[in-house]
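With PDB, C-alpha atoms and all ligand atoms inside, this is work.pdb:
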```pdb
ATOM      1  CA  MET F   1     108.962  78.725  94.943
ATOM      2  CA  SER F   2     107.376  78.961  98.395
ATOM      3  CA  GLY F   3     103.935  77.389  98.749
ATOM      4  CA  PHE F   4     103.247  79.710 101.677
ATOM      5  CA  SER F   5     100.459  82.195 100.955
ATOM      6  CA  LEU F   6      98.954  85.296 102.531
ATOM      7  CA  SER F   7      95.900  83.142 103.320
ATOM      8  CA  ASP F   8      98.155  80.838 105.363
ATOM      9  CA  LEU F   9      99.515  83.872 107.228
ATOM     10  CA  GLU F  10      95.972  85.223 107.749
ATOM     11  CA  ARG F  11      95.067  81.910 109.439
ATOM     12  CA  ILE F  12      98.158  82.146 111.686
ATOM     13  CA  VAL F  13      97.266  85.741 112.631
ATOM     14  CA  GLU F  14      93.694  84.661 113.463
ATOM     15  CA  GLU F  15      94.964  81.800 115.629
ATOM     16  CA  ARG F  16      97.713  83.750 117.398
ATOM     17  CA  SER F  17      95.430  86.733 118.092
ATOM     18  CA  LYS F  18      93.826  84.535 120.762
ATOM     19  CA  ALA F  19      97.141  83.661 122.448
ATOM     20  CA  SER F  20      98.596  85.336 125.507
ATOM     21  CA  PRO F  21     100.065  88.807 124.769
ATOM     22  CA  GLU F  22     103.096  87.728 126.800
ATOM     23  CA  GLU F  23     103.791  84.942 124.303
ATOM     24  CA  SER F  24     102.625  86.411 121.012
ATOM     25  CA  TRP F  25     103.422  89.645 119.155
ATOM     26  CA  THR F  26     100.174  89.201 117.209
ATOM     27  CA  ALA F  27      98.125  88.944 120.399
ATOM     28  CA  LYS F  28     100.029  91.889 121.902
ATOM     29  CA  LEU F  29      99.178  94.103 118.917
ATOM     30  CA  VAL F  30      95.554  92.933 118.697
ATOM     31  CA  ASN F  31      95.101  93.594 122.419
ATOM     32  CA  ALA F  32      96.767  97.000 122.147
ATOM     33  CA  GLY F  33      94.157  98.003 119.543
ATOM     34  CA  GLN F  34      94.020  99.565 116.115
ATOM     35  CA  PRO F  35      95.877 102.861 116.769
ATOM     36  CA  LYS F  36      98.971 100.955 117.962
ATOM     37  CA  ALA F  37      98.748  98.270 115.234
ATOM     38  CA  ALA F  38      98.170 100.849 112.480
ATOM     39  CA  LYS F  39     101.116 102.927 113.754
ATOM     40  CA  LYS F  40     103.329  99.832 113.595
ATOM     41  CA  LEU F  41     102.129  99.190 110.015
ATOM     42  CA  GLY F  42     103.028 102.773 109.134
ATOM     43  CA  GLU F  43     106.521 102.408 110.637
ATOM     44  CA  GLU F  44     107.135  99.190 108.716
ATOM     45  CA  ALA F  45     105.869 100.821 105.505
ATOM     46  CA  ILE F  46     108.318 103.714 105.976
ATOM     47  CA  GLU F  47     111.158 101.235 106.532
ATOM     48  CA  ALA F  48     110.151  99.479 103.284
ATOM     49  CA  VAL F  49     110.077 102.819 101.444
ATOM     50  CA  MET F  50     113.573 103.645 102.696
ATOM     51  CA  ALA F  51     114.900 100.251 101.592
ATOM     52  CA  ALA F  52     113.303 100.742  98.155
ATOM     53  CA  VAL F  53     114.703 104.245  97.712
ATOM     54  CA  THR F  54     118.208 103.205  98.727
ATOM     55  CA  GLY F  55     118.043 100.154  96.460
ATOM     56  CA  ASP F  56     118.681  97.751  99.343
ATOM     57  CA  CYS F  57     116.919  94.705  97.883
ATOM     58  CA  ASP F  58     117.657  92.322 100.778
ATOM     59  CA  ASN F  59     116.272  94.791 103.276
ATOM     60  CA  LEU F  60     113.290  95.571 101.026
ATOM     61  CA  THR F  61     112.388  91.864 100.993
ATOM     62  CA  TYR F  62     112.601  91.780 104.817
ATOM     63  CA  GLU F  63     110.618  95.002 105.294
ATOM     64  CA  ALA F  64     107.992  93.960 102.704
ATOM     65  CA  ALA F  65     107.368  90.835 104.814
ATOM     66  CA  ASP F  66     106.965  93.072 107.892
ATOM     67  CA  VAL F  67     104.471  95.254 105.986
ATOM     68  CA  LEU F  68     102.359  92.322 104.773
ATOM     69  CA  TYR F  69     102.248  90.697 108.213
ATOM     70  CA  HIS F  70     101.327  93.960 109.982
ATOM     71  CA  LEU F  71      98.710  94.740 107.299
ATOM     72  CA  LEU F  72      97.074  91.372 108.038
ATOM     73  CA  VAL F  73      97.037  92.226 111.757
ATOM     74  CA  VAL F  74      95.401  95.604 110.988
ATOM     75  CA  LEU F  75      92.822  93.890 108.733
ATOM     76  CA  LYS F  76      92.144  91.327 111.470
ATOM     77  CA  ILE F  77      91.449  94.082 114.018
ATOM     78  CA  ALA F  78      89.165  95.831 111.506
ATOM     79  CA  GLU F  79      87.455  92.459 110.859
ATOM     80  CA  ILE F  80      88.131  92.712 107.133
ATOM     81  CA  PRO F  81      88.841  89.273 105.625
ATOM     82  CA  LEU F  82      91.790  89.086 103.225
ATOM     83  CA  GLU F  83      89.249  87.643 100.771
ATOM     84  CA  ASN F  84      87.555  91.070 100.561
ATOM     85  CA  VAL F  85      90.856  92.754  99.668
ATOM     86  CA  MET F  86      91.561  90.075  97.049
ATOM     87  CA  ALA F  87      88.055  90.569  95.597
ATOM     88  CA  GLU F  88      88.748  94.307  95.295
ATOM     89  CA  LEU F  89      92.072  93.581  93.579
ATOM     90  CA  GLU F  90      90.344  91.130  91.244
ATOM     91  CA  ARG F  91      87.683  93.749  90.407
ATOM     92  CA  ARG F  92      90.467  96.150  89.454
ATOM     93  CA  THR F  93      91.912  93.717  86.897
ATOM     94  CA  ALA F  94      89.042  94.782  84.613
ATOM     95  CA  GLN F  95      90.873  97.983  83.651
ATOM     96  CA  SER F  96      94.282  99.620  83.743
ATOM     97  CA  GLY F  97      95.235 101.847  86.662
ATOM     98  CA  LEU F  98      95.753 104.835  84.363
ATOM     99  CA  LYS F  99      92.268 104.467  82.819
ATOM    100  CA  GLU F 100      90.716 104.160  86.282
ATOM    101  CA  LYS F 101      92.490 107.374  87.370
ATOM    102  CA  ALA F 102      91.407 109.244  84.237
ATOM    103  CA  ASN F 103      87.765 108.161  84.748
ATOM    104  CA  ARG F 104      87.855 109.345  88.355
ATOM    105  CA  GLN F 105      89.312 112.730  87.433
ATOM    106  CA  SER F 106      86.758 113.377  84.653
ATOM    107  CA  SER F 107      83.751 112.641  86.925
TER     108      SER F 107
HETATM  109  N1  LIG X 201     105.373  87.383 110.308
HETATM  110  C1  LIG X 201     105.445  87.724 111.480
HETATM  111  C2  LIG X 201     106.171  88.897 111.884
HETATM  112  N2  LIG X 201     106.868  89.803 111.171
HETATM  113  C3  LIG X 201     107.355  90.686 112.085
HETATM  114  N3  LIG X 201     106.983  90.337 113.321
HETATM  115  C4  LIG X 201     107.336  90.967 114.607
HETATM  116  O1  LIG X 201     107.048  92.337 114.540
HETATM  117  C5  LIG X 201     107.809  92.972 115.559
HETATM  118  C6  LIG X 201     108.292  94.283 114.985
HETATM  119  O2  LIG X 201     108.794  94.983 116.039
HETATM  120  P1  LIG X 201     110.012  95.939 115.944
HETATM  121  O3  LIG X 201     109.618  97.118 115.119
HETATM  122  O4  LIG X 201     110.518  96.203 117.301
HETATM  123  O5  LIG X 201     111.059  95.044 115.145
HETATM  124  P2  LIG X 201     112.024  95.542 114.038
HETATM  125  O6  LIG X 201     111.265  96.301 112.979
HETATM  126  O7  LIG X 201     112.779  94.325 113.585
HETATM  127  O8  LIG X 201     112.939  96.465 114.908
HETATM  128  P3  LIG X 201     113.652  97.806 114.510
HETATM  129  O9  LIG X 201     114.779  97.402 113.630
HETATM  130  O10 LIG X 201     112.622  98.679 113.819
HETATM  131  O11 LIG X 201     114.044  98.347 115.839
HETATM  132  C7  LIG X 201     108.928  92.027 115.954
HETATM  133  O12 LIG X 201     108.670  91.482 117.231
HETATM  134  C8  LIG X 201     108.840  90.944 114.900
HETATM  135  O13 LIG X 201     109.217  89.642 115.360
HETATM  136  C9  LIG X 201     106.221  89.245 113.239
HETATM  137  N4  LIG X 201     105.586  88.514 114.199
HETATM  138  C10 LIG X 201     104.905  87.411 113.810
HETATM  139  N5  LIG X 201     104.818  86.997 112.503
HETATM  140  C11 LIG X 201     104.050  85.765 112.148
HETATM  141  O14 LIG X 201     103.098  85.495 113.131
HETATM  142  C12 LIG X 201     103.353  84.220 113.723
HETATM  143  C13 LIG X 201     102.930  84.236 115.163
HETATM  144  O15 LIG X 201     103.784  85.115 115.897
HETATM  145  P4  LIG X 201     103.398  85.434 117.426
HETATM  146  O16 LIG X 201     102.085  86.105 117.389
HETATM  147  O17 LIG X 201     104.495  86.356 117.943
HETATM  148  O18 LIG X 201     103.391  84.133 118.124
HETATM  149  C14 LIG X 201     104.837  83.975 113.502
HETATM  150  O19 LIG X 201     105.168  82.599 113.570
HETATM  151  C15 LIG X 201     104.981  84.533 112.099
HETATM  152  O20 LIG X 201     104.457  83.614 111.157
END
```

Have the structure of the file written as C-alpha cells, please.
Amino acid sequence: MSGFSLSDLERIVEERSKASPEESWTAKLVNAGQPKAAKKLGEEAIEAVMAAVTGDCDNLTYEAADVLYHLLVVLKIAEIPLENVMAELERRTAQSGLKEKANRQSS
C-alpha cells in the first residue's frame, strides 16, 4: 500500500504554487485564477464520470487522481486547508448519509 497521502500532495501543491508558471502546472493554474482552475477540476470530474460509467477501471483510477490533484489546487486558491475538509468528513461520520438527507428534507 502507498504511504503517499493527500496531505503530502497538499504540501507539494503549496510548494509548487510558488514556482514559475513556465515550469509548473500547479503554478500556472494558481496564477490563472479560480475560474480556470475550477473549470479544469470540472473537466477532470467529467472524465472520471465517463470512465466510471463505461466501467473502465484503469482510466477511472487515472482520472480520480486528476480530480483529487485539481481539487487540492482549487482548495489552495480558495485558501481552504485540506484539514477543514477532513474535519467536515469526520463530523459526518456521526450519522448515515440517508439519515442526514431525511433530516434535511423534514426541516
Ligand atoms: N498530480 C499532479 C497532476 N495530475 C495532473 N496534472 C497535470 O494536469 C494537466 C492536465 O491537463 P490536460 O487536461 O491537458 O491533460 P489530460 O487530462 O491528460 O489531457 P486530455 O487527455 O484531457 O487532453 C497535465 O499537465 C497533467 O500533467 C498534474 N500536475 C501535477 N501534479 C502533482 O503536482 C506536482 C508538481 O507539479 P508541477 O506543478 O507541474 O511542477 C507533481 O510532481 C505531481 O505530484

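Atom N1 of ligand LIG 201 (chain X) is positioned 12.5 Å from CA of Thr61 in chain F.
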
How close does chain F get to ligand LIG 201 (chain X)? List, as a Markdown table, each residue of chain F within 6 Å, its nearest atom pair and the distance in Å to one decimal, counting all atoms listed in the file.
```
| residue | atom | partner | partner_atom | distance |
| --- | --- | --- | --- | --- |
| F:Ile12 | CA | X:LIG201 | C12 | 6.0 |
| F:Val13 | CA | X:LIG201 | O14 | 5.9 |
| F:Arg16 | CA | X:LIG201 | O16 | 5.0 |
| F:Ser24 | CA | X:LIG201 | O17 | 3.6 |
| F:Trp25 | CA | X:LIG201 | O17 | 3.7 |
| F:Thr26 | CA | X:LIG201 | O16 | 3.6 |
| F:Ala27 | CA | X:LIG201 | O16 | 5.7 |
| F:Asp66 | CA | X:LIG201 | N2 | 4.6 |
| F:Tyr69 | CA | X:LIG201 | N1 | 5.0 |
```

Check your understanding: So what does the PyMOL selection byres (((chain F and resi 29) around 10) and not hetatm) actually pick up in this one, as a ChimeraX atom specification?
Key -> /F:17,21,24-28,30-38,40,70,73-74,77

Exercise for review: Determine the nearest neighbour of Ala65 in chain F from the options F:Ala48, F:Ala19, F:Leu89, F:Leu82, counting all atoms listed in the file.
Suggested key: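 Comparing F:Ala48, F:Ala19, F:Leu89, F:Leu82 against Ala65 in chain F, the winner is F:Ala48.
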
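Minimum atom-to-atom distance to Leu72 in chain F, evaluated using all atoms listed in the file, belongs to F:Val85 out of F:Val85, F:Ala51, F:Ser106, F:Ser20.
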
Check your understanding: Any idea what's packed within 12 Å of Met50 in chain F, counting all atoms listed in the file, ignoring anything in its chain fewer than 6 positions away? Could you give it as a list of chain:residue names?
Key ->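 With the cut-off at 12 Å, the set is F:Glu43, F:Glu44, F:Asp56, F:Cys57, F:Asn59, F:Leu60, F:Thr61, F:Glu63, F:Ala64.
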
**Study point:** Point-to-point distance from CA of Ser7 in chain F to CA of Met86 in chain F, Å rounded to tenths
**Key:**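 Straight-line distance from CA of Ser7 in chain F to CA of Met86 in chain F works out to 10.3 Å.
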
**Study point:** Point-to-point distance in Å for CA of Gln95 in chain F and CA of Ser107 in chain F
**Key:** 16.6 Å
